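Here the structure comes first, spelled out in structure tokens, and everything after it is commentary.
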Amino acid sequence: MADDPTKPPTDGVIPESLRRQLEAFRRELWRRKITEAVLAAFFGLIVSFFLVFILDRFWTTPGPLRLVALLGGISLFAVFVPLWLHRWVWKHRREGQLARLIARRYPGLGDRLLGVVELEKQTETSETLSPRLRAAAMEAVAAEVERRKLDTALPGSKHRRWMLTVGATVLIFIAAIVIAPKAMLSSLRRWISPFSATERYTFTILRDLPPKLYVPQGEAFSLPVTLAGDTEWKPSSGTARYASQDPVNAALEHGGYHFDFPGQRDPGRLVVEIGDYTKAVDVLPTLRPAVRKTTGLVQFPGYLQIPGREVDLSTGVVQAVQGSKVKITIDATRDLQRAKAGVQEMSIDGPSATTPPLDVVERAGVLPLAWTDTLGLDGAKGFQVRIDPLPDAPPSAYIQGIDRQKVILPEETVDFEALTEDDFGIREMGIEWSGELPSTATGKAASGSLKLLTGGPDQPRLSQKVAFSPATFNITPQKLTVRVYVEDYLPDRGRIYSQPITLHILTRDEHAQMLKTRFDRSIGELEDLARKERNLLEENQRLEKLTPEELQSEDGKKRLQVQQDAERQQTERMKELSQKMEELFKDSARNGTIDKDTLKKMAEAMKSIDELAKEDLPGVDKKLGDAQDQRNTPEKSAKDMKEATERQEQAVEKMQKAAEKANDANQNFEAGTFVNRLKKAASDEDGVHIALWDAKANLGLRTAELDPHDAGLLQDATRLQANTSSDVRWIREDLEHFFARSNKPAFREIVDDMNSSRIEMGLEEIRTRMQAQQSFIAAAAAKKWSAKLTEWAKKLEGEAQKNGGGGAGSGNGNQEDEDFEFMLRVMKMVQQEQDLRARTRSLETLRRAYESPAEAKP
């Protein structure tokens, strides 16, 4: 039956056998190419990782390079695999695509397969294409294909080689993990995260190598490098290079390497290479941290009661009293990391470091200080602070403004300044006195103290004006030692005393004898001045005889200059003598026992001496100077010289008259002292009598049998008797000499009585009986001679009053005597007023001392 041309065309179908073969060919193609792609991608990743791993073995692979390696490995998956699959899978999914691939190997077969594929796709009608012929053609090609293996038509495949390569690479990877797991893990992390902070693993591991190293500028430095305990490789040597300088090698010693470098001033990079370890260290030469300031905080012992004190230690020495505590602080140029004082750690506060409290012991010590700043730089070596312990020195006390020895009457007042000093603070200051009675006196010697001021811990210096009057404290005539005392805050130290002053508190009779001695010395000085002035006058008279021309010659001027210098010295000495005479006259008027006639003559002598000092001798000095004036004519110089000589003659005459007046006064003075001396001898002898009478209970006892106290009293009385015997002998001899000079009958009578009474032998006999323990007889004899001496004193006293009574007290007195007596009364009133004011000051001192509060122990 013929085909109907109106029917649609019939598609040819590829024979089933041929279809199966093509599908098998396609599957095999896909399998091989996909395998190749996957293996190549894995290989690329592994190679990318191994690239980083290998590079890390030689240097620290930079992040960008690691990123390139990672991207290169991933690109096989992301780029190459898709492209590869597109080429071999996507482009070989249809039968025609496969036929063209087969045609590359078998062109004829491939063309016929393409023809079968085209026949299958033809859509002509049966009128234009015979279905039978198409099917027959397809069957013929299918039969031909069955006789061949299409696998041979597959393109060349490297999947097995890739498998071997990847397998080997994986084995190498696994072996590397087994052999060096830490290195593999480190590189894996660095490969996966190129810009992570993961450190490059090295088989040589160093401990704590800093990225920056601060070194002392200009000083040689070293870089110690220590191998870590878990290092896997310990190279025998290492190398370090600073900038472009020659490398420095160091051998492995004691688990590390020690690199030494010369001093550097400019920053640079130091590269350390040890085994597979390489690291760059930035070296920054920097000045060492210096100490700008060193201070110490001294905390004083509690008993001183003073707050802590900050002291500057720029000298490197701190001095503190024993028992103190010291904190030393250094202030550096940079912030500090640590500091040590000896073996003790110091507390850090920025650039400052402070030691813990350090005890100040008895011995000095040196404290070394070391510090390190936050850059790791140490301070200069050898910095140290010396701690010098100071003992709490005893305070000092002084008396100023008064002579060390002074003679006064009981009612007089002495003024002086009490001054005390201490190294810290003064608790109190005052005065203390102790007396020593004369051997003939009875009663108890004076002793006492008076607190003047209360100090404080912050008062290292105290001073006080003191007005001291013996009468204020009921102190009788005696030798009194006065000292200033001071107490500080050191426990159990007690009082510290000044050098003493000695006040000789005299009776009026003793005071008169002392004035007599002073008067004798003053008269001797006046007579010496008169002799020297006479000698100067003689030389001036020689100069006066020179011609005017000779006087103005060089030799003449030299002689005049010598004379003027000598006259100037005379004037100065006369002024000093005038002051002494004025003081002597005031003290004599104060005494009250010196008669008016003696005082009058003293005043006349004093007036003459004052005129000589202020007018006469300066006038001579001036004229001698005028005679040397170069502007003078020879005649004028001669005239001046003549006037100088005339004035000097008058001065010498006045000096002689003043000496005569002084000697007259002294003679009266001496006569008056005999009364006092006899009274004193009588008082001493009466004291011997009293002492022997009190010891009458020891009559008949030998010295060895006496009580030690009684033996001491007897010894004192025997010594006093010997002294009295000697004094009486001197009184007798002085009376004889005085009578020889004055020829006064009353004194002759006393001398005759003393010689006829044989008093000296009698007094010596008393001493002998005292030594023989014949106290009763000795006491009776002492009483007898005491009465005799008193009788002689009264006789001389009466004679003196009789001679003195003819003055202003008699009807024969003249106006001059009355004026002098009035002047004397006024002077005594002034002195009494001064004494009253002085005693008031002394009482005021006592009142203030009691109110402070204070203690007075008279």
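Each chain of the structure tokens is named A, B, ... in the order shown, its residues numbered from 1; ligands are numbered from 1 in display order.
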### Every residue of range 327-513 of chain A that DSSP places in helix (DSSP H, G or I), as an MDAnalysis selection string
chainID A and resid 470:473 508:513
Take the residues from that selection and put them in a file with all heavy atoms, as an mmCIF file, in the first residue's frame.
```
data_model
loop_
_atom_site.group_PDB
_atom_site.id
_atom_site.type_symbol
_atom_site.label_atom_id
_atom_site.label_comp_id
_atom_site.auth_asym_id
_atom_site.auth_seq_id
_atom_site.Cartn_x
_atom_site.Cartn_y
_atom_site.Cartn_z
ATOM 1 N N PRO A 470 71.926 89.161 143.239
ATOM 2 C CA PRO A 470 71.993 88.219 144.368
ATOM 3 C C PRO A 470 70.997 88.545 145.471
ATOM 4 O O PRO A 470 70.432 87.638 146.088
ATOM 5 C CB PRO A 470 73.442 88.366 144.853
ATOM 6 C CG PRO A 470 74.192 88.845 143.645
ATOM 7 C CD PRO A 470 73.236 89.718 142.904
ATOM 8 N N ALA A 471 70.761 89.826 145.703
ATOM 9 C CA ALA A 471 69.858 90.190 146.787
ATOM 10 C C ALA A 471 68.440 89.696 146.515
ATOM 11 O O ALA A 471 67.687 89.403 147.452
ATOM 12 C CB ALA A 471 69.869 91.706 146.988
ATOM 13 N N THR A 472 68.055 89.576 145.242
ATOM 14 C CA THR A 472 66.707 89.099 144.906
ATOM 15 C C THR A 472 66.481 87.685 145.426
ATOM 16 O O THR A 472 65.369 87.320 145.830
ATOM 17 C CB THR A 472 66.504 89.128 143.382
ATOM 18 O OG1 THR A 472 66.724 90.468 142.925
ATOM 19 C CG2 THR A 472 65.104 88.693 143.006
ATOM 20 N N PHE A 473 67.530 86.893 145.459
ATOM 21 C CA PHE A 473 67.426 85.504 145.916
ATOM 22 C C PHE A 473 68.051 85.304 147.300
ATOM 23 O O PHE A 473 68.388 84.179 147.671
ATOM 24 C CB PHE A 473 68.113 84.588 144.895
ATOM 25 C CG PHE A 473 67.505 84.656 143.529
ATOM 26 C CD1 PHE A 473 68.050 85.474 142.546
ATOM 27 C CD2 PHE A 473 66.371 83.922 143.222
ATOM 28 C CE1 PHE A 473 67.486 85.550 141.282
ATOM 29 C CE2 PHE A 473 65.802 83.987 141.959
ATOM 30 C CZ PHE A 473 66.358 84.802 140.988
ATOM 31 N N ARG A 508 81.265 94.915 151.883
ATOM 32 C CA ARG A 508 81.740 96.253 151.553
ATOM 33 C C ARG A 508 83.212 96.417 151.899
ATOM 34 O O ARG A 508 83.943 97.134 151.186
ATOM 35 C CB ARG A 508 80.897 97.300 152.262
ATOM 36 C CG ARG A 508 79.442 97.252 151.820
ATOM 37 C CD ARG A 508 78.665 98.463 152.258
ATOM 38 N NE ARG A 508 77.284 98.362 151.792
ATOM 39 C CZ ARG A 508 76.873 98.684 150.581
ATOM 40 N NH1 ARG A 508 77.747 99.146 149.716
ATOM 41 N NH2 ARG A 508 75.606 98.555 150.227
ATOM 42 N N ASP A 509 83.660 95.748 152.923
ATOM 43 C CA ASP A 509 85.080 95.825 153.277
ATOM 44 C C ASP A 509 85.927 95.143 152.203
ATOM 45 O O ASP A 509 86.961 95.676 151.776
ATOM 46 C CB ASP A 509 85.327 95.161 154.632
ATOM 47 C CG ASP A 509 84.660 95.929 155.767
ATOM 48 O OD1 ASP A 509 84.385 97.134 155.560
ATOM 49 O OD2 ASP A 509 84.416 95.333 156.838
ATOM 50 N N GLU A 510 85.487 93.962 151.763
ATOM 51 C CA GLU A 510 86.214 93.272 150.701
ATOM 52 C C GLU A 510 86.169 94.061 149.406
ATOM 53 O O GLU A 510 87.151 94.123 148.655
ATOM 54 C CB GLU A 510 85.609 91.881 150.479
ATOM 55 C CG GLU A 510 85.815 90.937 151.656
ATOM 56 C CD GLU A 510 84.988 89.665 151.513
ATOM 57 O OE1 GLU A 510 83.984 89.689 150.775
ATOM 58 O OE2 GLU A 510 85.363 88.658 152.132
ATOM 59 N N HIS A 511 85.031 94.690 149.170
ATOM 60 C CA HIS A 511 84.889 95.509 147.975
ATOM 61 C C HIS A 511 85.846 96.687 148.010
ATOM 62 O O HIS A 511 86.462 97.043 146.985
ATOM 63 C CB HIS A 511 83.439 95.994 147.876
ATOM 64 C CG HIS A 511 83.121 96.688 146.600
ATOM 65 N ND1 HIS A 511 82.870 98.039 146.540
ATOM 66 C CD2 HIS A 511 83.010 96.220 145.319
ATOM 67 C CE1 HIS A 511 82.614 98.380 145.291
ATOM 68 N NE2 HIS A 511 82.687 97.289 144.516
ATOM 69 N N ALA A 512 86.002 97.288 149.175
ATOM 70 C CA ALA A 512 86.924 98.411 149.310
ATOM 71 C C ALA A 512 88.361 97.969 149.044
ATOM 72 O O ALA A 512 89.138 98.681 148.391
ATOM 73 C CB ALA A 512 86.795 99.024 150.709
ATOM 74 N N GLN A 513 88.743 96.795 149.530
ATOM 75 C CA GLN A 513 90.092 96.294 149.263
ATOM 76 C C GLN A 513 90.295 96.054 147.768
ATOM 77 O O GLN A 513 91.364 96.334 147.211
ATOM 78 C CB GLN A 513 90.329 95.008 150.045
ATOM 79 C CG GLN A 513 90.353 95.204 151.556
ATOM 80 C CD GLN A 513 90.581 93.896 152.296
ATOM 81 O OE1 GLN A 513 91.183 92.975 151.752
ATOM 82 N NE2 GLN A 513 90.111 93.821 153.529
#
```
### Query
What's the 6 Å shell around Gly379 in chain A, counting only C-alpha atoms, without same-chain residues fewer than 2 positions away, as an NGL selection string?
:A and (288-289 or 371)
Residues just named, written with all heavy atoms as a compact mmCIF listing (two decimals), in the first residue's frame:
```txt
# COMPACT_ATOMS: atom_id res chain seq x y z
N ARG A 288 69.82 57.02 77.86
CA ARG A 288 69.39 56.32 79.07
C ARG A 288 68.51 57.22 79.93
O ARG A 288 68.65 58.45 79.90
CB ARG A 288 70.60 55.88 79.90
CG ARG A 288 71.43 54.77 79.28
CD ARG A 288 72.55 54.35 80.22
NE ARG A 288 73.36 53.29 79.65
CZ ARG A 288 73.11 52.00 79.77
NH1 ARG A 288 72.03 51.61 80.43
NH2 ARG A 288 73.92 51.09 79.25
N PRO A 289 67.62 56.63 80.70
CA PRO A 289 66.81 57.47 81.61
C PRO A 289 67.69 58.04 82.72
O PRO A 289 68.38 57.29 83.43
CB PRO A 289 65.78 56.48 82.17
CG PRO A 289 66.44 55.14 82.04
CD PRO A 289 67.30 55.20 80.81
N TRP A 371 67.38 51.54 88.16
CA TRP A 371 66.03 51.73 87.62
C TRP A 371 66.03 51.40 86.13
O TRP A 371 67.06 51.46 85.45
CB TRP A 371 65.53 53.15 87.86
CG TRP A 371 66.39 54.19 87.22
CD1 TRP A 371 66.24 54.78 86.01
CD2 TRP A 371 67.58 54.79 87.80
NE1 TRP A 371 67.23 55.69 85.77
CE2 TRP A 371 68.06 55.72 86.84
CE3 TRP A 371 68.25 54.62 89.00
CZ2 TRP A 371 69.20 56.48 87.09
CZ3 TRP A 371 69.38 55.38 89.22
CH2 TRP A 371 69.84 56.29 88.28
```
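Among the candidates A:Ala24, A:Lys788, A:Ala658, A:Ser726, the residue lying nearest to Asp686 in chain A is A:Lys788 (atoms considered: only C-alpha atoms).
Coordinates place CA of Arg338 in chain A at a distance of 27.1 Å from CA of Gly255 in chain A.
For the set A:Asn663, A:Thr633, A:Asn591, A:Asn474, the residue with the smallest atom-to-atom gap to Ala605 in chain A is A:Asn663, counting only C-alpha atoms.
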### Query
Near Phe519 in chain A, within 9 Å and counting only C-alpha atoms, which residues show up once chain neighbours fewer than 3 positions away are dropped, as a ChimeraX atom specification?
/A:514-516,522-524,581,584,662,666,669
### Task
Name the residues in contact with Arg542 in chain A at a cut-off of 12 Å, using only C-alpha atoms, excluding same-chain residues fewer than 2 positions from it; report them as a ChimeraX atom specification.
/A:535-540,544-547,550-551,556,559-560,563,641-642,645
### Query
If you count only C-alpha atoms, which residues fall within 9 Å of Ala746 in chain A, apart from same-chain ones fewer than 3 positions away, as a ChimeraX atom specification?
/A:739,743,749-751,795-796,799
### Query
Near Ser314 in chain A, within 8 Å and counting only C-alpha atoms, which residues show up once chain neighbours fewer than 2 positions away are dropped, as a PyMOL selection string?
chain A and resi 293-295+312+316-317
Dump of C-alpha atoms for the selected residues, as a CSV table (one decimal), in the first residue's frame:
```csv
chain,number,residue,atom,x,y,z
A,293,LYS,CA,65.9,65.1,91.0
A,294,THR,CA,66.5,63.1,94.1
A,295,THR,CA,64.7,63.8,97.3
A,312,ASP,CA,67.2,67.7,98.5
A,316,GLY,CA,74.0,62.1,97.1
A,317,VAL,CA,74.0,62.3,100.9
```
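Considering only C-alpha atoms, the residue among A:Lys451, A:Lys279, A:Arg518, A:Lys465 positioned nearest to Asp587 in chain A is A:Arg518.
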